[in-house]
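Okay, start-v5.cif now, which holds mmCIF, C-alpha atoms:
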```cif
data_input
#
loop_
_atom_site.label_atom_id
_atom_site.label_comp_id
_atom_site.auth_asym_id
_atom_site.auth_seq_id
_atom_site.Cartn_x
_atom_site.Cartn_y
_atom_site.Cartn_z
CA MET A 1406 0.00 0.00 0.00
CA THR A 1407 1.29 3.46 -0.89
CA ASP A 1408 1.60 6.04 1.87
CA SER A 1409 0.93 9.52 0.47
CA SER A 1410 2.68 11.14 3.43
CA ARG A 1411 6.04 9.75 2.40
CA THR A 1412 8.52 12.24 0.96
CA PRO A 1413 11.56 12.04 -1.35
CA ALA A 1414 14.83 10.84 0.10
CA THR A 1415 18.05 9.38 -1.21
CA ALA A 1416 18.15 6.14 -3.15
CA PRO A 1417 20.99 3.65 -3.04
CA ASP A 1418 23.53 4.83 -5.62
CA ARG A 1419 26.94 3.95 -6.95
CA SER A 1420 29.62 2.22 -4.93
CA PRO A 1421 32.09 4.50 -3.11
CA VAL A 1422 34.69 3.20 -5.57
CA TRP A 1423 33.03 5.37 -8.21
CA VAL A 1424 33.30 8.41 -5.98
CA VAL A 1425 37.03 7.81 -5.61
CA VAL A 1426 37.43 7.21 -9.36
CA CYS A 1427 35.57 10.44 -10.15
CA GLY A 1428 37.69 12.36 -7.64
CA ILE A 1429 40.95 11.00 -9.06
CA LEU A 1430 39.87 11.75 -12.62
CA ALA A 1431 38.67 15.25 -11.73
CA LEU A 1432 41.90 16.23 -9.99
CA ALA A 1433 44.02 14.63 -12.72
CA MET A 1434 42.34 16.80 -15.35
CA ALA A 1435 42.00 19.98 -13.29
CA MET A 1436 45.45 20.01 -11.70
CA GLY A 1437 47.55 17.84 -14.02
CA VAL A 1438 46.30 19.68 -17.11
CA GLY A 1439 44.83 22.97 -15.89
CA ARG A 1440 47.54 23.80 -13.39
CA PHE A 1441 50.75 21.96 -14.19
CA ALA A 1442 50.79 21.00 -17.89
CA PHE A 1443 52.35 24.34 -18.77
CA THR A 1444 55.59 23.37 -16.99
CA PRO A 1445 56.69 20.67 -19.48
CA LEU A 1446 55.13 22.47 -22.47
CA MET A 1447 56.81 25.83 -21.94
CA PRO A 1448 60.27 24.76 -23.24
CA LEU A 1449 58.62 23.13 -26.26
CA MET A 1450 56.74 26.36 -27.03
CA MET A 1451 59.99 28.29 -26.74
CA ARG A 1452 61.59 25.80 -29.12
CA ASP A 1453 58.76 26.35 -31.62
CA GLY A 1454 59.09 30.12 -31.37
CA THR A 1455 55.52 30.60 -30.11
CA LEU A 1456 56.54 31.75 -26.64
CA SER A 1457 59.40 33.76 -25.19
CA ALA A 1458 60.89 33.29 -21.73
CA ALA A 1459 59.42 36.60 -20.57
CA ALA A 1460 55.97 35.70 -21.90
CA GLY A 1461 56.23 32.29 -20.24
CA ALA A 1462 56.91 33.96 -16.90
CA GLU A 1463 53.84 36.15 -17.40
CA TRP A 1464 51.69 33.13 -18.23
CA ALA A 1465 52.88 31.32 -15.11
CA ALA A 1466 52.22 34.36 -12.91
CA ALA A 1467 48.76 34.75 -14.44
CA ASN A 1468 47.96 31.15 -13.56
CA TYR A 1469 49.02 31.76 -9.93
CA VAL A 1470 46.83 34.86 -9.74
CA GLY A 1471 43.93 33.01 -11.35
CA TYR A 1472 44.29 30.22 -8.81
CA LEU A 1473 44.04 32.82 -6.05
CA VAL A 1474 40.91 34.34 -7.61
CA GLY A 1475 39.40 30.88 -7.95
CA ALA A 1476 40.10 30.13 -4.31
CA LEU A 1477 38.50 33.42 -3.28
CA THR A 1478 35.33 32.64 -5.21
CA ALA A 1479 35.04 28.88 -4.67
CA ALA A 1480 32.84 29.29 -1.59
CA ARG A 1481 29.92 30.21 -3.85
CA PHE A 1482 29.63 26.49 -4.63
CA SER A 1483 29.09 25.55 -0.98
CA ALA A 1484 25.55 24.31 -1.61
CA ARG A 1485 26.29 22.66 -4.98
CA PRO A 1486 29.90 21.41 -5.15
CA ARG A 1487 29.10 18.83 -7.84
CA GLN A 1488 27.83 21.51 -10.22
CA GLY A 1489 30.85 23.65 -9.46
CA LEU A 1490 33.14 20.72 -10.23
CA LEU A 1491 31.54 20.04 -13.60
CA LEU A 1492 31.70 23.73 -14.55
CA ALA A 1493 35.37 23.84 -13.54
CA LEU A 1494 36.29 20.78 -15.62
CA LEU A 1495 34.56 22.21 -18.67
CA GLY A 1496 36.44 25.48 -18.17
CA VAL A 1497 39.79 23.67 -17.88
CA ALA A 1498 39.16 21.80 -21.14
CA LEU A 1499 38.08 24.86 -23.12
CA SER A 1500 40.86 27.13 -21.84
CA THR A 1501 43.44 24.43 -22.64
CA LEU A 1502 42.15 23.95 -26.17
CA ALA A 1503 42.15 27.70 -26.75
CA VAL A 1504 45.89 27.98 -25.99
CA ALA A 1505 46.61 25.90 -29.10
CA GLY A 1506 45.47 28.78 -31.30
CA LEU A 1507 47.86 31.36 -29.84
CA ASP A 1508 51.15 32.56 -31.24
CA GLU A 1509 54.04 34.71 -29.99
CA ALA A 1510 52.00 37.90 -30.47
CA SER A 1511 49.20 36.64 -28.21
CA VAL A 1512 50.93 37.18 -24.87
CA MET A 1513 47.96 38.96 -23.28
CA ALA A 1514 45.46 36.41 -24.57
CA GLY A 1515 47.65 33.62 -23.25
CA SER A 1516 47.83 35.27 -19.83
CA VAL A 1517 44.04 35.57 -19.75
CA LEU A 1518 43.60 31.92 -20.67
CA ARG A 1519 46.16 30.75 -18.11
CA ALA A 1520 44.48 32.90 -15.45
CA ALA A 1521 41.12 31.37 -16.36
CA SER A 1522 42.65 27.91 -16.13
CA GLY A 1523 43.94 28.77 -12.67
CA ILE A 1524 40.48 29.87 -11.57
CA PHE A 1525 38.89 26.66 -12.82
CA SER A 1526 41.61 24.55 -11.20
CA ALA A 1527 41.01 26.09 -7.79
CA TRP A 1528 37.27 25.58 -8.14
CA ALA A 1529 37.85 21.95 -9.08
CA LEU A 1530 40.14 21.27 -6.11
CA VAL A 1531 37.76 22.82 -3.59
CA CYS A 1532 34.63 21.28 -5.10
CA THR A 1533 36.19 17.84 -5.53
CA SER A 1534 37.26 17.86 -1.89
CA SER A 1535 33.91 19.11 -0.66
CA TRP A 1536 31.80 16.77 -2.83
CA GLY A 1537 34.03 13.69 -2.74
CA LEU A 1538 34.78 13.67 0.98
CA ALA A 1539 31.13 14.31 1.81
CA GLU A 1540 29.98 11.47 -0.44
CA LEU A 1541 32.46 9.05 1.10
CA ALA A 1542 31.47 10.12 4.59
CA ARG A 1543 27.81 9.53 3.70
CA ARG A 1544 28.75 6.04 2.55
CA GLN A 1545 30.59 5.51 5.86
CA VAL A 1546 34.04 5.11 4.28
CA PRO A 1547 35.67 8.51 4.96
CA GLN A 1548 39.10 6.87 5.11
CA TRP A 1549 38.91 6.33 1.35
CA GLY A 1550 39.21 10.08 0.82
CA SER A 1551 43.00 9.86 0.78
CA TRP A 1552 42.94 8.05 -2.54
CA ILE A 1553 41.21 10.95 -4.30
CA TYR A 1554 44.35 13.07 -4.05
CA THR A 1555 46.44 10.62 -6.05
CA GLY A 1556 44.70 12.26 -8.98
CA VAL A 1557 47.01 15.27 -8.90
CA GLY A 1558 50.13 13.14 -9.21
CA VAL A 1559 48.48 10.96 -11.85
CA GLY A 1560 47.60 14.05 -13.89
CA ILE A 1561 51.09 15.53 -13.59
CA CYS A 1562 52.63 12.21 -14.62
CA LEU A 1563 50.21 11.84 -17.53
CA ALA A 1564 50.85 15.35 -18.86
CA GLY A 1565 54.60 14.88 -18.42
CA VAL A 1566 54.65 11.57 -20.27
CA LEU A 1567 52.59 13.06 -23.10
CA ALA A 1568 54.99 16.00 -23.39
CA TRP A 1569 58.04 13.72 -23.17
CA LEU A 1570 56.90 11.12 -25.70
CA GLY A 1571 55.25 13.69 -27.97
CA GLY A 1572 57.98 16.28 -27.72
CA GLY A 1573 58.83 15.87 -31.40
CA GLN A 1574 55.52 17.35 -32.53
CA PRO A 1575 54.57 21.04 -32.35
CA ALA A 1576 53.60 22.20 -28.88
CA ARG A 1577 50.21 23.45 -30.12
CA TRP A 1578 49.28 19.85 -31.00
CA LEU A 1579 50.06 18.84 -27.44
CA TRP A 1580 47.76 21.57 -26.16
CA VAL A 1581 44.99 20.18 -28.37
CA GLU A 1582 45.61 16.63 -27.14
CA LEU A 1583 45.61 17.73 -23.51
CA GLY A 1584 42.45 19.79 -24.03
CA LEU A 1585 40.62 16.86 -25.61
CA LEU A 1586 41.84 14.62 -22.80
CA ALA A 1587 40.49 17.08 -20.22
CA LEU A 1588 37.19 17.27 -22.09
CA LEU A 1589 36.89 13.48 -22.10
CA GLY A 1590 37.67 13.38 -18.40
CA GLY A 1591 35.00 15.98 -17.69
CA VAL A 1592 32.40 13.99 -19.63
CA LEU A 1593 33.24 10.83 -17.69
CA VAL A 1594 32.97 12.64 -14.35
CA TRP A 1595 29.63 14.10 -15.44
CA ARG A 1596 28.31 10.62 -16.24
CA TRP A 1597 29.78 8.76 -13.26
CA ALA A 1598 29.05 11.44 -10.65
CA ALA A 1599 25.37 11.65 -11.57
CA PRO A 1600 22.99 13.07 -8.96
CA GLN A 1601 21.17 10.60 -6.78
CA VAL A 1602 17.76 9.26 -7.76
CA PRO A 1603 14.99 10.31 -5.35
CA VAL A 1604 12.86 7.59 -3.73
CA LEU A 1605 10.28 7.58 -0.99
CA ALA A 1606 11.18 7.74 2.68
CA SER A 1607 9.10 7.36 5.78
CA PRO A 1608 7.83 10.33 7.80
CA ALA A 1609 10.21 9.37 10.61
CA VAL A 1610 13.20 9.83 8.32
CA THR A 1611 11.82 13.15 7.11
CA GLN A 1612 11.28 14.36 10.67
CA ALA A 1613 14.79 13.30 11.67
CA LYS A 1614 16.25 15.22 8.75
CA GLY A 1615 14.19 18.24 9.66
CA THR A 1616 15.79 18.42 13.08
CA ALA A 1617 19.33 18.60 11.72
CA HIS A 1618 21.27 21.77 12.30
CA PRO A 1619 21.65 24.02 9.25
CA ALA A 1620 25.02 23.99 7.57
CA PRO A 1621 27.13 26.96 8.58
CA SER A 1622 28.22 29.38 5.86
CA SER A 1623 31.36 30.64 7.59
CA VAL A 1624 34.59 29.17 8.88
CA PRO A 1625 34.43 27.80 12.45
CA PRO A 1626 36.26 29.94 15.01
CA GLY A 1627 39.83 29.08 15.91
CA GLN A 1628 40.82 27.82 12.45
CA LEU A 1629 43.11 30.72 11.48
CA PRO A 1630 46.28 28.77 12.41
CA LEU A 1631 45.26 25.99 10.02
CA VAL A 1632 44.80 28.55 7.25
CA LEU A 1633 48.23 30.05 7.99
CA CYS A 1634 49.88 26.61 8.01
CA TYR A 1635 48.38 25.89 4.61
CA GLY A 1636 49.66 29.22 3.31
CA THR A 1637 53.12 28.37 4.65
CA PHE A 1638 52.94 25.09 2.78
CA GLY A 1639 52.16 26.98 -0.44
CA PHE A 1640 55.19 29.22 0.03
CA GLY A 1641 57.54 26.37 0.93
CA TYR A 1642 56.50 24.17 -1.96
CA ILE A 1643 56.55 26.75 -4.74
CA VAL A 1644 60.14 27.96 -4.27
CA PRO A 1645 61.81 24.63 -5.14
CA ALA A 1646 59.04 23.65 -7.56
CA THR A 1647 59.64 26.84 -9.56
CA PHE A 1648 63.42 27.11 -9.47
CA LEU A 1649 64.83 23.59 -9.02
CA PRO A 1650 64.62 22.81 -12.78
CA ALA A 1651 66.60 25.95 -13.59
CA MET A 1652 69.19 25.07 -10.95
CA ALA A 1653 69.42 21.48 -12.21
CA ARG A 1654 69.92 22.69 -15.78
CA GLN A 1655 73.22 24.18 -14.64
CA GLN A 1656 74.34 20.78 -13.35
CA VAL A 1657 73.41 18.52 -16.29
CA SER A 1658 72.88 19.27 -19.97
CA ASP A 1659 71.10 16.10 -21.12
CA PRO A 1660 67.59 17.14 -22.27
CA LEU A 1661 66.22 13.65 -21.64
CA VAL A 1662 66.81 14.21 -17.93
CA PHE A 1663 64.57 17.27 -17.98
CA GLY A 1664 62.01 15.46 -20.10
CA LEU A 1665 61.70 12.73 -17.48
CA ALA A 1666 61.78 15.07 -14.49
CA TRP A 1667 58.13 16.08 -14.64
CA PRO A 1668 56.56 12.62 -15.03
CA LEU A 1669 58.80 11.34 -12.24
CA PHE A 1670 57.75 14.27 -10.07
CA GLY A 1671 54.10 13.37 -10.67
CA LEU A 1672 54.75 9.68 -10.06
CA ALA A 1673 56.40 10.51 -6.73
CA ALA A 1674 53.41 12.66 -5.79
CA ALA A 1675 50.94 9.89 -6.62
CA LEU A 1676 52.92 7.15 -4.87
CA SER A 1677 53.36 9.27 -1.76
CA VAL A 1678 49.60 9.68 -1.44
CA VAL A 1679 49.13 5.93 -1.97
CA GLY A 1680 51.70 5.27 0.75
CA ALA A 1681 50.01 7.70 3.12
CA ALA A 1682 46.62 6.14 2.43
CA ARG A 1683 48.04 2.65 2.99
CA TRP A 1684 50.21 3.15 6.06
CA LEU A 1685 49.14 6.44 7.64
CA SER A 1686 45.35 6.14 7.37
CA ALA A 1687 45.03 5.57 11.13
CA TRP A 1688 47.15 8.60 12.00
CA PRO A 1689 45.50 11.91 12.95
CA ARG A 1690 45.38 14.21 9.96
CA ARG A 1691 47.33 16.86 11.87
CA ARG A 1692 50.20 14.44 12.40
CA VAL A 1693 50.27 13.34 8.75
CA TRP A 1694 50.30 16.99 7.68
CA ALA A 1695 53.07 17.79 10.17
CA LEU A 1696 55.18 14.88 8.93
CA ALA A 1697 54.77 15.98 5.31
CA GLN A 1698 55.56 19.60 6.12
CA GLY A 1699 58.63 18.66 8.14
CA THR A 1700 59.92 16.42 5.34
CA MET A 1701 59.36 19.22 2.86
CA ALA A 1702 61.48 21.48 5.09
CA LEU A 1703 64.36 19.03 4.65
CA GLY A 1704 63.89 19.30 0.90
CA THR A 1705 64.11 23.10 0.98
CA ALA A 1706 67.19 23.00 3.22
CA LEU A 1707 69.31 20.61 1.13
CA PRO A 1708 70.19 23.08 -1.68
CA ILE A 1709 71.39 25.54 0.96
CA VAL A 1710 73.75 22.99 2.49
CA SER A 1711 75.16 21.74 -0.82
CA LEU A 1712 74.33 22.74 -4.38
CA SER A 1713 74.91 19.61 -6.46
CA LEU A 1714 72.95 17.33 -8.74
CA TRP A 1715 72.24 14.76 -6.04
CA THR A 1716 71.04 17.35 -3.51
CA LEU A 1717 68.77 18.91 -6.14
CA ALA A 1718 67.42 15.47 -7.05
CA ALA A 1719 66.85 14.65 -3.38
CA SER A 1720 65.18 18.00 -2.86
CA ALA A 1721 62.85 17.35 -5.80
CA VAL A 1722 61.89 13.94 -4.38
CA LEU A 1723 61.37 15.27 -0.85
CA VAL A 1724 59.24 18.21 -1.98
CA GLY A 1725 57.46 16.42 -4.82
CA GLY A 1726 56.81 13.39 -2.64
CA THR A 1727 55.19 15.40 0.15
CA PHE A 1728 53.29 18.29 -1.39
CA MET A 1729 50.24 16.17 -2.23
CA VAL A 1730 50.32 14.42 1.16
CA ALA A 1731 50.21 17.83 2.80
CA THR A 1732 47.40 18.86 0.45
CA MET A 1733 45.44 15.70 1.21
CA ALA A 1734 45.91 15.89 4.98
CA GLY A 1735 45.14 19.61 5.14
CA LEU A 1736 41.92 19.36 3.15
CA GLN A 1737 40.81 16.26 5.06
CA LEU A 1738 41.46 18.07 8.33
CA ALA A 1739 39.30 20.95 7.09
CA ARG A 1740 36.54 18.44 6.44
CA GLU A 1741 36.89 17.15 10.02
CA GLN A 1742 36.84 20.65 11.50
CA ALA A 1743 33.71 21.72 9.57
CA PRO A 1744 31.82 18.52 8.72
CA LEU A 1745 28.47 20.21 8.01
CA ASN A 1746 29.83 22.55 5.35
CA PRO A 1747 33.60 22.43 4.78
CA THR A 1748 33.62 24.49 1.57
CA PRO A 1749 34.23 27.93 3.20
CA LEU A 1750 37.18 26.62 5.21
CA LEU A 1751 38.50 24.72 2.20
CA ALA A 1752 38.26 27.89 0.13
CA ARG A 1753 40.11 30.01 2.70
CA MET A 1754 42.87 27.45 3.01
CA THR A 1755 43.20 27.40 -0.77
CA VAL A 1756 43.38 31.20 -0.78
CA ALA A 1757 46.22 31.07 1.74
CA PHE A 1758 48.01 28.46 -0.36
CA ALA A 1759 47.61 30.57 -3.50
CA MET A 1760 48.96 33.65 -1.76
CA GLY A 1761 51.91 31.67 -0.43
CA GLN A 1762 52.87 30.42 -3.87
CA ILE A 1763 52.62 33.94 -5.28
CA VAL A 1764 54.86 35.34 -2.52
CA GLY A 1765 57.64 32.79 -3.20
CA PRO A 1766 58.69 33.85 -6.73
CA VAL A 1767 57.98 37.51 -5.94
CA LEU A 1768 60.36 37.36 -2.98
CA VAL A 1769 63.10 35.86 -5.15
CA ARG A 1770 62.60 38.63 -7.71
CA LEU A 1771 62.66 41.35 -5.04
CA LEU A 1772 65.88 40.02 -3.50
CA GLY A 1773 67.52 40.35 -6.92
CA THR A 1774 70.97 39.13 -7.89
CA GLN A 1775 73.01 40.69 -5.11
CA PRO A 1776 74.04 38.44 -2.19
CA TRP A 1777 72.34 38.75 1.20
CA TRP A 1778 74.38 37.59 4.18
CA GLY A 1779 76.45 35.55 1.75
CA TRP A 1780 73.42 33.86 0.18
CA ASP A 1781 71.77 34.46 -3.16
CA ALA A 1782 68.03 35.07 -3.54
CA LEU A 1783 67.15 31.38 -3.93
CA ALA A 1784 69.11 30.38 -0.84
CA CYS A 1785 67.42 33.14 1.20
CA ALA A 1786 63.97 32.07 0.02
CA ASN A 1787 64.72 28.42 0.75
CA ALA A 1788 66.03 29.32 4.20
CA LEU A 1789 62.86 31.24 5.02
CA ALA A 1790 60.75 28.39 3.67
CA THR A 1791 62.63 25.91 5.83
CA VAL A 1792 62.06 27.93 8.99
CA LEU A 1793 58.37 28.48 8.30
CA LEU A 1794 57.76 24.85 7.33
CA LEU A 1795 59.48 23.56 10.46
CA GLY A 1796 57.58 26.00 12.68
CA SER A 1797 54.20 25.11 11.20
CA ALA A 1798 55.02 21.38 11.34
CA GLY A 1799 55.83 21.71 15.04
CA TRP A 1800 52.57 23.54 15.72
CA LEU A 1801 50.55 20.90 13.87
CA TRP A 1802 52.28 18.05 15.70
CA ARG A 1803 51.64 19.62 19.12
CA GLY A 1804 48.03 20.31 18.17
CA THR A 1805 47.45 16.56 17.86
CA ARG A 1806 47.74 16.21 21.63
CA GLN A 1807 45.20 18.95 22.24
CA SER A 1808 42.43 17.83 19.88
CA PRO A 1809 41.14 14.31 19.24
CA ALA A 1810 41.59 12.82 15.77
#
```
Show how you would write the structure in this file as C-alpha cells.
Amino acid sequence: MTDSSRTPATAPDRSPVWVVVCGILALAMAMGVGRFAFTPLMPLMMRDGTLSAAAGAEWAAANYVGYLVGALTAARFSARPRQGLLLALLGVALSTLAVAGLDEASVMAGSVLRAASGIFSAWALVCTSSWGLAELARRQVPQWGSWIYTGVGVGICLAGVLAWLGGGQPARWLWVELGLLALLGGVLVWRWAAPQVPVLASPAVTQAKGTAHPAPSSVPPGQLPLVLCYGTFGFGYIVPATFLPAMARQQVSDPLVFGLAWPLFGLAAALSVVGAARWLSAWPRRRVWALAQGTMALGTALPIVSLSLWTLAASAVLVGGTFMVATMAGLQLAREQAPLNPTPLLARMTVAFAMGQIVGPVLVRLLGTQPWWGWDALACANALATVLLLGSAGWLWRGTRQSPA
C-alpha cells in the first residue's frame, strides 16, 4: 500500500569506488592539465618560437593569480559542489584547447587563458574535496578520501609523459591533445558522478532530517592557524618547484633528464599519497600533515647545504613526494573541522596556499641578484621556507595532543 505522506529521500547509488574514481579523474584533469601541464610544455613552445621566456613567466604568474581568484570565489559552490566541479572541468578543457590557437603575439590572450585555467583549477580542487569527501562520509568510508588526491600526481605524470613522448611534434598539438583529454575526463565525471535518484522515505526519516542543524556558511572559530599553516605550505612548496629545474639545468645538460623530471615528479606525488593512504590512514590528519611539512622542510634545506645534482634530485623527491600528502591531509582536516559545510574553510585554506605560492617567486625577484648575508636570492627564500615549514610542522604536531583525531 502506498503512503501519500512519504517524501523524497536518497536512493541507493553507486559504490564508493566510483566516488574515488571520479575524484581521481577530476583532480588529474584539473590540476595535471589545468595547473601543471604548462611546466613541461613551456620549453617546447619556446623551441617552436611561439613563446618567449618573458611571456612564459607572465603566463605562469597569471595562472598563480587566477588560482588565487578561484580560491576566493570557490565558496559560492558551498551548496552545490558537484555543479561547481563540472563547470570547472569544462572550463579547464576549453581554456586548454584555446591555448593551441595562440602565437608569440598573443601574450595577453595567453595570460588571460592561463588565469582562467587557474580559476577553474582552484574551483575543481575545492569542489572535488567538498563533494568527494562528503559522499564518502555519507557512505561511511571517509578513510577512502585519501585516494582521491592521487589524482594530482596521476595528472602531472600523464601530462609529463605526453609532453616527453610527444615532444617531437609542435607544442600546439600537445595543447589540443591535452584539451581533448580534459574534455573526455569531464564527460566521464559528469556521467559517473550523476545526482542521486529520489525515492520515498518514511515520515520518521523526514522528521529526523528536519531536526538537523543548518550547515554553517562561515569558517568555524579558531581555524586561522590551520589557514596560515596551509599558506606556509604553499610558500615552501613553490620555491623549489619553480626554481629547481633551472638550478638542475646548470648541473646537467642532457635534455632527456629534464624530459623525465616532470613525469617522475608526478609519479612521486601519486605514490606518496598511496603510501600515506596505505600506512598512515590511522594517523590523525594533523600528524600526517606535520610529517609531510617537516619532510618538505628538509627538501628546501638541502640546496642551501650543498648545491649539487644529487642534492637537487633529493630535494625534488622530498618536496614532490610530500606536497600532495600535505594537500590531502590539510583538506581532510578541514573536512573534520567543519563537517556540516567544509567548503568555506577549504576555500580560505586554498586562498592562503595561492597567496603563499605567489609570494615565493615575488620574494626571489625582489631580492635580486646581489648576495644577502652571503646567500643568493634562492638560498634566502629556501632558508625562510625551511624555517616556516618547520615552525608550522611543530605547531601541527603539538596540536594533535590537544584535539582528538
TODO: Go through A:Leu1789, A:Leu1783, A:Leu1771, A:Leu1494 one by one, measure the shortest atom-to-atom distance of each to Leu1588 of chain A using all atoms listed in the file, and give the residue with the smallest value.
DONE: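 So, comparing all the options, the nearest one is A:Leu1494.
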- [ ] Figure out the distance between atom CA of Thr1700 of chain A and atom CA of Pro1766 of chain A, please, to one decimal in Å.
- [x] 21.2 Å
- [ ] Mind checking which residues fall within 7 Å of Gly1636 of chain A, counting all atoms listed in the file, ignoring those fewer than 2 positions away in the same chain, and posting them as an NGL selection string?
- [x] :A and (1632-1634 or 1638-1640 or 1757-1758 or 1760-1761)
Open item on the list: Residue by residue, what does the PyMOL selection byres ((chain A and resi 1478) around 10) grab here? Present the result as a list of chain:residue names.
Closed with: A:Tyr1472, A:Leu1473, A:Val1474, A:Gly1475, A:Ala1476, A:Leu1477, A:Ala1479, A:Ala1480, A:Arg1481, A:Phe1482, A:Ile1524, A:Ala1527, A:Trp1528, A:Pro1749, A:Ala1752, A:Arg1753, A:Val1756
Open item on the list: I'd like to know which of A:Ala1734, A:Ala1467, A:Ala1542, A:Leu1491 is closest to Leu1801 of chain A, using all atoms listed in the file.
Closed with: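 That would be A:Ala1734, the residue with the smallest distance to Leu1801 of chain A.
With atom CA of Thr1501 of chain A on one side and atom CA of Arg1577 of chain A on the other, the separation reads 10.1 Å.
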Task: For Met1436 of chain A: contacts at 9 Å, all atoms listed in the file, fewer than 6 positions along chain excluded, given as a list in words - done: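 Once the nearby chain positions are removed, what remains is Ala1442, Gly1523, Ser1526, Ala1527, Ala1529, Leu1530, Gly1556, Val1557, Gly1558, Gly1560 and Ile1561 of chain A.
In this model, the gap between atom CA of Thr1444 of chain A and atom CA of Val1594 of chain A comes to 25.2 Å.
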- [ ] May I have the residues at most 10 Å from (62.1, 27.3, 3.9) in the file's coordinates, counting all atoms listed in the file, as a ChimeraX atom specification?
- [x] /A:1637-1638,1640-1642,1644-1645,1701-1706,1709,1784-1796
Open item on the list: Assuming the chain letters and numbering stay as they are in my file, what does the PyMOL selection byres ((chain A and resi 1551) around 10) actually select? List them as a count of residues only.
Closed with: 23
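Distances here use all atoms listed in the file; by that measure, the residue among A:Pro1486, A:Val1426, A:Ala1564, A:Gly1799 closest to Leu1586 of chain A is A:Ala1564.
Those residues that approach segment 1717-1727 of chain A to within 7 Å, counting only C-alpha atoms, are A:Tyr1642, A:Leu1649, A:Ala1653, A:Phe1670, A:Ala1673, A:Ala1674, A:Ser1677, A:Ala1697, A:Thr1700, A:Met1701, A:Gly1704, A:Thr1705, A:Leu1707, A:Pro1708, A:Leu1712, A:Ser1713, A:Ala1731; same-chain residues fewer than 4 positions away are not listed.
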Suppose we keep C-alpha atoms; can you now write the selection as a PDB file, in the frame of the given file?
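Below is the file result31.pdb, written as the result:
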```
ATOM      1  CA  TYR A1642      56.500  24.170  -1.960  1.00  0.00           C
ATOM      2  CA  LEU A1649      64.830  23.590  -9.020  1.00  0.00           C
ATOM      3  CA  ALA A1653      69.420  21.480 -12.210  1.00  0.00           C
ATOM      4  CA  PHE A1670      57.750  14.270 -10.070  1.00  0.00           C
ATOM      5  CA  ALA A1673      56.400  10.510  -6.730  1.00  0.00           C
ATOM      6  CA  ALA A1674      53.410  12.660  -5.790  1.00  0.00           C
ATOM      7  CA  SER A1677      53.360   9.270  -1.760  1.00  0.00           C
ATOM      8  CA  ALA A1697      54.770  15.980   5.310  1.00  0.00           C
ATOM      9  CA  THR A1700      59.920  16.420   5.340  1.00  0.00           C
ATOM     10  CA  MET A1701      59.360  19.220   2.860  1.00  0.00           C
ATOM     11  CA  GLY A1704      63.890  19.300   0.900  1.00  0.00           C
ATOM     12  CA  THR A1705      64.110  23.100   0.980  1.00  0.00           C
ATOM     13  CA  LEU A1707      69.310  20.610   1.130  1.00  0.00           C
ATOM     14  CA  PRO A1708      70.190  23.080  -1.680  1.00  0.00           C
ATOM     15  CA  LEU A1712      74.330  22.740  -4.380  1.00  0.00           C
ATOM     16  CA  SER A1713      74.910  19.610  -6.460  1.00  0.00           C
ATOM     17  CA  ALA A1731      50.210  17.830   2.800  1.00  0.00           C
TER      18      ALA A1731
END
```
For segment 1683-1694 of chain A, which lacks atoms in the input, supply N, CA and C atoms and format the output as a short mmCIF file (atom, residue, chain, number, x, y, z; two decimals), in the frame of the given file.
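Listing of result23.cif after writing:
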```cif
data_model
loop_
_atom_site.label_atom_id
_atom_site.label_comp_id
_atom_site.auth_asym_id
_atom_site.auth_seq_id
_atom_site.Cartn_x
_atom_site.Cartn_y
_atom_site.Cartn_z
N ARG A 1683 47.85 4.05 2.60
CA ARG A 1683 48.04 2.65 2.99
C ARG A 1683 48.56 2.53 4.41
N TRP A 1684 49.53 3.34 4.79
CA TRP A 1684 50.21 3.15 6.06
C TRP A 1684 49.93 4.23 7.10
N LEU A 1685 49.38 5.36 6.68
CA LEU A 1685 49.14 6.44 7.64
C LEU A 1685 47.65 6.74 7.81
N SER A 1686 46.79 5.87 7.32
CA SER A 1686 45.35 6.14 7.37
C SER A 1686 44.83 6.24 8.80
N ALA A 1687 45.48 5.54 9.74
CA ALA A 1687 45.03 5.57 11.13
C ALA A 1687 45.61 6.74 11.91
N TRP A 1688 46.54 7.46 11.31
CA TRP A 1688 47.15 8.60 12.00
C TRP A 1688 46.18 9.79 12.00
N PRO A 1689 46.25 10.64 13.02
CA PRO A 1689 45.50 11.91 12.95
C PRO A 1689 45.97 12.74 11.77
N ARG A 1690 45.03 13.43 11.15
CA ARG A 1690 45.38 14.21 9.96
C ARG A 1690 46.40 15.29 10.29
N ARG A 1691 46.34 15.85 11.47
CA ARG A 1691 47.33 16.86 11.87
C ARG A 1691 48.75 16.28 11.83
N ARG A 1692 48.87 15.04 12.34
CA ARG A 1692 50.20 14.44 12.40
C ARG A 1692 50.73 14.10 11.01
N VAL A 1693 49.86 13.61 10.13
CA VAL A 1693 50.27 13.34 8.75
C VAL A 1693 50.72 14.63 8.07
N TRP A 1694 49.95 15.69 8.26
CA TRP A 1694 50.30 16.99 7.68
C TRP A 1694 51.63 17.47 8.24
#
```
